[in-house]
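Reproduced below: protein_25.txt, with compact mmCIF, N, CA and C atoms and all ligand atoms.
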# COMPACT_ATOMS: atom_id res chain seq x y z
N MET A 114 -12.64 19.60 -15.21
CA MET A 114 -11.36 19.10 -15.74
C MET A 114 -10.28 19.29 -14.67
N SER A 115 -9.60 18.25 -14.38
CA SER A 115 -8.57 18.34 -13.33
C SER A 115 -7.26 18.86 -13.91
N ALA A 116 -6.38 19.29 -13.02
CA ALA A 116 -5.06 19.75 -13.44
C ALA A 116 -4.31 18.62 -14.13
N LEU A 117 -4.59 17.39 -13.71
CA LEU A 117 -3.93 16.22 -14.29
C LEU A 117 -4.18 16.12 -15.78
N THR A 118 -5.34 16.56 -16.22
CA THR A 118 -5.70 16.47 -17.63
C THR A 118 -4.69 17.16 -18.53
N LYS A 119 -4.13 18.25 -18.04
CA LYS A 119 -3.25 19.06 -18.88
C LYS A 119 -1.77 18.85 -18.64
N SER A 120 -1.41 18.27 -17.51
CA SER A 120 0.02 18.21 -17.19
C SER A 120 0.69 16.97 -17.75
N CYS A 121 1.99 17.10 -17.95
CA CYS A 121 2.82 15.97 -18.37
C CYS A 121 2.94 15.01 -17.19
N ARG A 122 2.99 13.70 -17.48
CA ARG A 122 3.05 12.72 -16.40
C ARG A 122 4.37 12.78 -15.62
N HIS A 123 5.34 13.44 -16.14
CA HIS A 123 6.63 13.51 -15.45
C HIS A 123 6.76 14.73 -14.55
N TYR A 124 5.78 15.62 -14.62
CA TYR A 124 5.86 16.86 -13.86
C TYR A 124 5.75 16.59 -12.37
N GLY A 125 6.57 17.27 -11.59
CA GLY A 125 6.50 17.13 -10.13
C GLY A 125 7.54 18.00 -9.48
N TYR A 126 7.43 18.13 -8.19
CA TYR A 126 8.34 18.99 -7.44
C TYR A 126 9.37 18.20 -6.64
N GLU A 127 9.31 16.86 -6.72
CA GLU A 127 10.15 16.04 -5.86
C GLU A 127 11.64 16.37 -6.01
N ASN A 128 12.04 16.74 -7.21
CA ASN A 128 13.45 17.03 -7.46
C ASN A 128 13.67 18.51 -7.75
N GLY A 129 12.90 19.35 -7.13
CA GLY A 129 13.04 20.78 -7.40
C GLY A 129 12.47 21.08 -8.76
N MET A 130 13.20 21.77 -9.59
CA MET A 130 12.69 22.16 -10.90
C MET A 130 13.11 21.17 -11.99
N VAL A 131 13.42 19.94 -11.60
CA VAL A 131 13.77 18.89 -12.56
C VAL A 131 12.66 17.84 -12.51
N CYS A 132 12.07 17.52 -13.67
CA CYS A 132 10.97 16.57 -13.69
C CYS A 132 11.47 15.13 -13.55
N ALA A 133 10.54 14.17 -13.53
CA ALA A 133 10.90 12.76 -13.33
C ALA A 133 11.76 12.20 -14.46
N LYS A 134 11.77 12.86 -15.61
CA LYS A 134 12.61 12.43 -16.73
C LYS A 134 13.95 13.16 -16.74
N GLY A 135 14.17 13.96 -15.70
CA GLY A 135 15.44 14.65 -15.60
C GLY A 135 15.52 15.93 -16.40
N MET A 136 14.39 16.37 -16.97
CA MET A 136 14.39 17.61 -17.75
C MET A 136 14.35 18.80 -16.79
N ASP A 137 15.24 19.75 -17.01
CA ASP A 137 15.22 20.99 -16.22
C ASP A 137 14.05 21.82 -16.75
N ILE A 138 13.00 21.93 -15.94
CA ILE A 138 11.74 22.51 -16.39
C ILE A 138 11.92 23.94 -16.90
N ARG A 139 12.69 24.73 -16.19
CA ARG A 139 12.87 26.12 -16.63
C ARG A 139 13.71 26.20 -17.91
N ALA A 140 14.69 25.33 -18.03
CA ALA A 140 15.54 25.37 -19.22
C ALA A 140 14.76 24.95 -20.47
N VAL A 141 13.87 23.96 -20.32
CA VAL A 141 13.11 23.47 -21.47
C VAL A 141 12.02 24.46 -21.85
N HIS A 142 11.31 24.96 -20.86
CA HIS A 142 10.11 25.75 -21.12
C HIS A 142 10.23 27.24 -20.87
N GLY A 143 11.21 27.63 -20.08
CA GLY A 143 11.33 29.04 -19.75
C GLY A 143 10.55 29.44 -18.52
N ASP A 144 9.62 28.61 -18.11
CA ASP A 144 8.92 28.87 -16.85
C ASP A 144 8.46 27.56 -16.23
N ALA A 145 8.07 27.62 -14.97
CA ALA A 145 7.81 26.41 -14.19
C ALA A 145 6.46 25.76 -14.48
N LEU A 146 5.52 26.48 -15.04
CA LEU A 146 4.17 25.93 -15.20
C LEU A 146 3.86 25.44 -16.62
N ALA A 147 4.83 25.54 -17.51
CA ALA A 147 4.57 25.17 -18.90
C ALA A 147 4.18 23.70 -19.06
N CYS A 148 4.68 22.82 -18.17
CA CYS A 148 4.35 21.39 -18.24
C CYS A 148 2.88 21.14 -17.94
N CYS A 149 2.21 22.12 -17.37
CA CYS A 149 0.82 21.93 -16.94
C CYS A 149 -0.16 22.60 -17.87
N ARG A 150 0.32 23.19 -18.93
CA ARG A 150 -0.58 23.99 -19.77
C ARG A 150 -1.05 23.24 -20.99
N ASP A 151 -2.12 23.73 -21.54
CA ASP A 151 -2.66 23.24 -22.79
C ASP A 151 -3.00 24.48 -23.60
N PRO A 152 -2.55 24.72 -24.80
CA PRO A 152 -1.76 23.78 -25.58
C PRO A 152 -0.37 23.56 -24.99
N LYS A 153 0.15 22.40 -25.25
CA LYS A 153 1.40 21.98 -24.65
C LYS A 153 2.60 22.52 -25.42
N LYS A 154 3.60 22.93 -24.65
CA LYS A 154 4.84 23.34 -25.29
C LYS A 154 5.65 22.08 -25.60
N ALA A 155 6.50 22.21 -26.59
CA ALA A 155 7.31 21.07 -27.00
C ALA A 155 8.31 20.69 -25.91
N CYS A 156 8.38 19.41 -25.62
CA CYS A 156 9.37 18.87 -24.68
C CYS A 156 9.67 17.47 -25.20
N PRO A 157 10.93 17.12 -25.39
CA PRO A 157 11.27 15.81 -25.94
C PRO A 157 10.86 14.64 -25.06
N ALA A 158 10.62 14.88 -23.77
CA ALA A 158 10.27 13.80 -22.85
C ALA A 158 8.79 13.77 -22.50
N ARG A 159 8.00 14.66 -23.12
CA ARG A 159 6.59 14.79 -22.75
C ARG A 159 5.80 13.49 -22.97
N GLU A 160 5.01 13.10 -21.96
CA GLU A 160 4.06 11.99 -22.09
C GLU A 160 2.79 12.40 -21.39
N ASP A 161 1.69 12.36 -22.11
CA ASP A 161 0.40 12.72 -21.52
C ASP A 161 -0.19 11.54 -20.76
N TYR A 162 -1.08 11.86 -19.83
CA TYR A 162 -1.85 10.81 -19.16
C TYR A 162 -2.85 10.23 -20.15
N THR A 163 -3.20 8.96 -19.95
CA THR A 163 -4.18 8.32 -20.83
C THR A 163 -5.59 8.77 -20.41
N THR A 164 -6.52 8.56 -21.30
CA THR A 164 -7.92 8.90 -21.02
C THR A 164 -8.42 8.14 -19.79
N ASP A 165 -8.02 6.87 -19.66
CA ASP A 165 -8.43 6.06 -18.50
C ASP A 165 -7.84 6.61 -17.21
N GLU A 166 -6.56 7.02 -17.27
CA GLU A 166 -5.92 7.57 -16.06
C GLU A 166 -6.60 8.88 -15.64
N ILE A 167 -6.94 9.70 -16.63
CA ILE A 167 -7.61 10.97 -16.32
C ILE A 167 -8.98 10.70 -15.71
N ALA A 168 -9.72 9.74 -16.28
CA ALA A 168 -11.05 9.41 -15.75
C ALA A 168 -10.94 8.89 -14.32
N ALA A 169 -9.93 8.04 -14.05
CA ALA A 169 -9.75 7.49 -12.70
C ALA A 169 -9.37 8.59 -11.72
N ALA A 170 -8.52 9.53 -12.16
CA ALA A 170 -8.12 10.63 -11.28
C ALA A 170 -9.31 11.54 -10.97
N GLU A 171 -10.14 11.78 -11.96
CA GLU A 171 -11.31 12.63 -11.74
C GLU A 171 -12.31 11.94 -10.81
N GLU A 172 -12.44 10.62 -10.96
CA GLU A 172 -13.33 9.86 -10.08
C GLU A 172 -12.80 9.91 -8.64
N GLN A 173 -11.48 9.75 -8.47
CA GLN A 173 -10.88 9.80 -7.14
C GLN A 173 -11.05 11.19 -6.53
N SER A 174 -10.87 12.22 -7.34
CA SER A 174 -11.03 13.59 -6.86
C SER A 174 -12.46 13.84 -6.39
N ALA A 175 -13.43 13.35 -7.15
CA ALA A 175 -14.83 13.52 -6.77
C ALA A 175 -15.13 12.78 -5.47
N LYS A 176 -14.53 11.59 -5.31
CA LYS A 176 -14.72 10.80 -4.10
C LYS A 176 -14.12 11.52 -2.90
N GLN A 177 -12.95 12.13 -3.07
CA GLN A 177 -12.31 12.87 -1.98
C GLN A 177 -13.15 14.06 -1.57
N MET A 178 -13.74 14.74 -2.56
CA MET A 178 -14.62 15.87 -2.25
C MET A 178 -15.83 15.39 -1.45
N GLU A 179 -16.40 14.28 -1.87
CA GLU A 179 -17.56 13.72 -1.19
C GLU A 179 -17.19 13.31 0.24
N ASP A 180 -16.04 12.64 0.40
CA ASP A 180 -15.58 12.24 1.74
C ASP A 180 -15.36 13.48 2.61
N GLY A 181 -14.76 14.51 2.03
CA GLY A 181 -14.51 15.74 2.78
C GLY A 181 -15.80 16.36 3.25
N PHE A 182 -16.79 16.39 2.40
CA PHE A 182 -18.09 16.95 2.76
C PHE A 182 -18.72 16.14 3.90
N THR A 183 -18.61 14.83 3.81
CA THR A 183 -19.19 13.94 4.84
C THR A 183 -18.53 14.18 6.20
N VAL A 184 -17.20 14.24 6.22
CA VAL A 184 -16.47 14.42 7.48
C VAL A 184 -16.72 15.83 8.04
N ILE A 185 -16.65 16.83 7.19
CA ILE A 185 -16.85 18.21 7.66
C ILE A 185 -18.28 18.40 8.17
N SER A 186 -19.24 17.75 7.52
CA SER A 186 -20.62 17.82 8.01
C SER A 186 -20.73 17.25 9.42
N ALA A 187 -20.00 16.16 9.69
CA ALA A 187 -20.00 15.56 11.03
C ALA A 187 -19.38 16.51 12.05
N ILE A 188 -18.33 17.22 11.64
CA ILE A 188 -17.67 18.19 12.53
C ILE A 188 -18.62 19.36 12.81
N VAL A 189 -19.25 19.86 11.77
CA VAL A 189 -20.19 20.99 11.92
C VAL A 189 -21.33 20.59 12.85
N ALA A 190 -21.77 19.33 12.76
CA ALA A 190 -22.86 18.85 13.60
C ALA A 190 -22.50 18.88 15.09
N GLU A 191 -21.20 18.89 15.39
CA GLU A 191 -20.75 18.98 16.78
C GLU A 191 -21.02 20.38 17.36
N GLY A 192 -21.21 21.36 16.47
CA GLY A 192 -21.54 22.71 16.91
C GLY A 192 -20.37 23.52 17.42
N LYS A 193 -19.14 23.03 17.14
CA LYS A 193 -17.95 23.75 17.59
C LYS A 193 -17.15 24.17 16.36
N THR A 194 -17.51 25.31 15.78
CA THR A 194 -16.86 25.74 14.54
C THR A 194 -16.26 27.13 14.64
N ALA A 195 -16.14 27.67 15.84
CA ALA A 195 -15.55 29.00 15.99
C ALA A 195 -14.03 28.90 16.01
N PRO A 196 -13.33 29.97 15.60
CA PRO A 196 -11.87 29.96 15.68
C PRO A 196 -11.42 29.58 17.10
N GLY A 197 -10.49 28.63 17.17
CA GLY A 197 -9.98 28.17 18.46
C GLY A 197 -10.70 26.92 18.97
N ASP A 198 -11.86 26.60 18.38
CA ASP A 198 -12.57 25.39 18.80
C ASP A 198 -11.82 24.15 18.35
N SER A 199 -11.95 23.07 19.11
CA SER A 199 -11.37 21.79 18.71
C SER A 199 -12.19 20.68 19.35
N GLY A 200 -11.97 19.49 18.86
CA GLY A 200 -12.70 18.35 19.41
C GLY A 200 -12.45 17.11 18.59
N HIS A 201 -13.33 16.13 18.72
CA HIS A 201 -13.20 14.91 17.94
C HIS A 201 -14.59 14.34 17.66
N VAL A 202 -14.67 13.64 16.52
CA VAL A 202 -15.93 12.97 16.14
C VAL A 202 -15.55 11.59 15.60
N GLY A 203 -16.45 10.64 15.74
CA GLY A 203 -16.24 9.34 15.12
C GLY A 203 -16.16 9.54 13.61
N CYS A 204 -15.22 8.88 12.97
CA CYS A 204 -15.00 9.10 11.53
C CYS A 204 -16.14 8.48 10.73
N PRO A 205 -16.89 9.32 10.00
CA PRO A 205 -17.98 8.77 9.18
C PRO A 205 -17.48 8.09 7.90
N LYS A 206 -16.19 8.30 7.59
CA LYS A 206 -15.65 7.69 6.37
C LYS A 206 -15.28 6.22 6.61
N CYS A 207 -14.41 5.98 7.61
CA CYS A 207 -13.94 4.61 7.84
C CYS A 207 -14.77 3.89 8.91
N GLY A 208 -15.45 4.68 9.75
CA GLY A 208 -16.28 4.07 10.77
C GLY A 208 -15.50 3.49 11.95
N ALA A 209 -14.18 3.51 11.88
CA ALA A 209 -13.35 2.92 12.94
C ALA A 209 -12.54 3.96 13.70
N GLY A 210 -12.07 4.97 12.98
CA GLY A 210 -11.17 5.96 13.58
C GLY A 210 -11.91 7.11 14.23
N MET A 211 -11.09 8.01 14.78
CA MET A 211 -11.60 9.22 15.42
C MET A 211 -10.98 10.40 14.68
N VAL A 212 -11.83 11.33 14.24
CA VAL A 212 -11.33 12.53 13.56
C VAL A 212 -11.10 13.62 14.60
N LEU A 213 -9.84 14.02 14.75
CA LEU A 213 -9.49 15.13 15.64
C LEU A 213 -9.51 16.40 14.80
N PHE A 214 -10.17 17.44 15.30
CA PHE A 214 -10.25 18.67 14.51
C PHE A 214 -9.92 19.90 15.35
N THR A 215 -9.40 20.90 14.68
CA THR A 215 -9.08 22.18 15.30
C THR A 215 -9.39 23.29 14.30
N PHE A 216 -10.04 24.33 14.77
CA PHE A 216 -10.21 25.54 13.96
C PHE A 216 -9.18 26.55 14.45
N SER A 217 -8.33 27.00 13.55
CA SER A 217 -7.24 27.90 13.92
C SER A 217 -7.76 29.13 14.66
N PRO A 218 -7.13 29.45 15.79
CA PRO A 218 -7.56 30.65 16.52
C PRO A 218 -7.25 31.93 15.75
N SER A 219 -6.30 31.88 14.84
CA SER A 219 -5.93 33.11 14.12
C SER A 219 -6.78 33.36 12.89
N ASN A 220 -7.07 32.31 12.10
CA ASN A 220 -7.81 32.55 10.86
C ASN A 220 -9.05 31.67 10.71
N GLY A 221 -9.31 30.78 11.67
CA GLY A 221 -10.51 29.95 11.60
C GLY A 221 -10.43 28.78 10.64
N HIS A 222 -9.26 28.57 10.03
CA HIS A 222 -9.13 27.46 9.10
C HIS A 222 -9.20 26.13 9.84
N LEU A 223 -9.81 25.15 9.19
CA LEU A 223 -9.99 23.83 9.79
C LEU A 223 -8.82 22.92 9.47
N HIS A 224 -8.34 22.22 10.51
CA HIS A 224 -7.40 21.11 10.33
C HIS A 224 -8.05 19.91 10.98
N ALA A 225 -8.21 18.84 10.20
CA ALA A 225 -8.84 17.63 10.74
C ALA A 225 -8.10 16.42 10.21
N VAL A 226 -7.91 15.43 11.07
CA VAL A 226 -7.23 14.21 10.65
C VAL A 226 -7.84 13.01 11.37
N CYS A 227 -8.03 11.93 10.63
CA CYS A 227 -8.56 10.69 11.20
C CYS A 227 -7.43 9.89 11.82
N SER A 228 -7.72 9.18 12.91
CA SER A 228 -6.70 8.36 13.57
C SER A 228 -6.36 7.11 12.76
N THR A 229 -7.21 6.74 11.82
CA THR A 229 -6.90 5.62 10.94
C THR A 229 -5.90 6.08 9.88
N PRO A 230 -4.74 5.43 9.78
CA PRO A 230 -3.74 5.87 8.79
C PRO A 230 -4.31 5.93 7.37
N ASP A 231 -3.99 7.01 6.67
CA ASP A 231 -4.38 7.21 5.26
C ASP A 231 -5.89 7.30 5.04
N CYS A 232 -6.66 7.55 6.10
CA CYS A 232 -8.12 7.63 5.91
C CYS A 232 -8.53 9.01 5.43
N PHE A 233 -8.29 10.03 6.27
CA PHE A 233 -8.79 11.35 5.93
C PHE A 233 -7.94 12.40 6.61
N GLU A 234 -7.67 13.48 5.88
CA GLU A 234 -6.97 14.62 6.46
C GLU A 234 -7.31 15.84 5.63
N VAL A 235 -7.58 16.96 6.30
CA VAL A 235 -7.89 18.18 5.56
C VAL A 235 -7.27 19.38 6.26
N HIS A 236 -6.75 20.28 5.46
CA HIS A 236 -6.28 21.59 5.92
C HIS A 236 -6.98 22.61 5.04
N GLN A 237 -7.85 23.38 5.64
CA GLN A 237 -8.55 24.38 4.81
C GLN A 237 -8.00 25.76 5.03
ZN ZN B 1 -11.39 7.49 9.24

When written as structure tokens, how does the structure in this file appear?
Amino acid sequence: MSALTKSCRHYGYENGMVCAKGMDIRAVHGDALACCRDPKKACPAREDYTTDEIAAAEEQSAKQMEDGFTVISAIVAEGKTAPGDSGHVGCPKCGAGMVLFTFSPSNGHLHAVCSTPDCFEVHQ
């Protein structure tokens, strides 16, 4: 179950603690995460996502996980996975771009991004 399943469709951080309907999240709920919980607290502007929207979001999330696994597997196959390592691999997702990757020298976390706009990017 994704976080989307439980949250109000107006919830977001774009305007600080004010949702897309202009509701002050803390004033309505008393805390910032109430819009994301189930059972839902009362809010006059609350609108849930539809079953179709939730199914589409879950499908997209599963696809992103699969794409991430595919790209990371290609990076691992390069054999350069130690902290401080970096390099590039042909993007297995789009087949056209180049994925540039770096493993942080301080914590070993992976940062990888495809040269094709909006194709793939990960920060672990
Ligand atoms: Zn790509």

Within 5 Å of A:Val226, counting all atoms listed in the file, which residues show up once you throw out same-chain ones fewer than 2 positions away? Write them as a ChimeraX atom specification, please. /A:212-213,224,228,233-234

Residues within 6.5 Å of ligand ZN 1 (chain B) (all atoms listed in the file), as an mmCIF file with N, CA and C atoms, keeping the file's coordinate frame?
data_model
loop_
_atom_site.group_PDB
_atom_site.id
_atom_site.type_symbol
_atom_site.label_atom_id
_atom_site.label_comp_id
_atom_site.auth_asym_id
_atom_site.auth_seq_id
_atom_site.Cartn_x
_atom_site.Cartn_y
_atom_site.Cartn_z
ATOM 1 N N CYS A 204 -15.220 8.880 12.970
ATOM 2 C CA CYS A 204 -15.000 9.100 11.530
ATOM 3 C C CYS A 204 -16.140 8.480 10.730
ATOM 4 N N PRO A 205 -16.890 9.320 10.000
ATOM 5 C CA PRO A 205 -17.980 8.770 9.180
ATOM 6 C C PRO A 205 -17.480 8.090 7.900
ATOM 7 N N LYS A 206 -16.190 8.300 7.590
ATOM 8 C CA LYS A 206 -15.650 7.690 6.370
ATOM 9 C C LYS A 206 -15.280 6.220 6.610
ATOM 10 N N CYS A 207 -14.410 5.980 7.610
ATOM 11 C CA CYS A 207 -13.940 4.610 7.840
ATOM 12 C C CYS A 207 -14.770 3.890 8.910
ATOM 13 N N GLY A 208 -15.450 4.680 9.750
ATOM 14 C CA GLY A 208 -16.280 4.070 10.770
ATOM 15 C C GLY A 208 -15.500 3.490 11.950
ATOM 16 N N ALA A 209 -14.180 3.510 11.880
ATOM 17 C CA ALA A 209 -13.350 2.920 12.940
ATOM 18 C C ALA A 209 -12.540 3.960 13.700
ATOM 19 N N GLY A 210 -12.070 4.970 12.980
ATOM 20 C CA GLY A 210 -11.170 5.960 13.580
ATOM 21 C C GLY A 210 -11.910 7.110 14.230
ATOM 22 N N MET A 211 -11.090 8.010 14.780
ATOM 23 C CA MET A 211 -11.600 9.220 15.420
ATOM 24 C C MET A 211 -10.980 10.400 14.680
ATOM 25 N N VAL A 212 -11.830 11.330 14.240
ATOM 26 C CA VAL A 212 -11.330 12.530 13.560
ATOM 27 C C VAL A 212 -11.100 13.620 14.600
ATOM 28 N N CYS A 227 -8.030 11.930 10.630
ATOM 29 C CA CYS A 227 -8.560 10.690 11.200
ATOM 30 C C CYS A 227 -7.430 9.890 11.820
ATOM 31 N N SER A 228 -7.720 9.180 12.910
ATOM 32 C CA SER A 228 -6.700 8.360 13.570
ATOM 33 C C SER A 228 -6.360 7.110 12.760
ATOM 34 N N THR A 229 -7.210 6.740 11.820
ATOM 35 C CA THR A 229 -6.900 5.620 10.940
ATOM 36 C C THR A 229 -5.900 6.080 9.880
ATOM 37 N N CYS A 232 -6.660 7.550 6.100
ATOM 38 C CA CYS A 232 -8.120 7.630 5.910
ATOM 39 C C CYS A 232 -8.530 9.010 5.430
ATOM 40 N N PHE A 233 -8.290 10.030 6.270
ATOM 41 C CA PHE A 233 -8.790 11.350 5.930
ATOM 42 C C PHE A 233 -7.940 12.400 6.610
#

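When all atoms listed in the file are used to compute distances to A:Asp161, the closest of the residues A:Ala225, A:Glu179, A:Cys121, A:Asp198 turns out to be A:Cys121.
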
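Atom pair atom CA of A:His222 / atom CA of A:Ser174: separated by 21.2 Å.
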
>> Quick check, in Å to one decimal: how far apart do atom CA of A:Gly129 and atom N of A:Glu160 lie?
In response: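 Separating atom CA of A:Gly129 from atom N of A:Glu160 is a distance of 18.3 Å.
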
| said: Could you go through stretch 135-235 of chain A and tell me which residues DSSP, when run on the backbone, assigns to strand (DSSP E), listing them as a VMD selection string? | reply: chain A and resid 199 to 203 211 to 216 223 to 227 234 to 235

Here atom CA of A:Phe214 and atom CA of A:Asp231 stand apart by 15.9 Å

Counting only C-alpha atoms, closest pick from A:Gly221, A:Pro196, A:Gly181, A:Gly203 relative to A:Val235 is A:Gly181
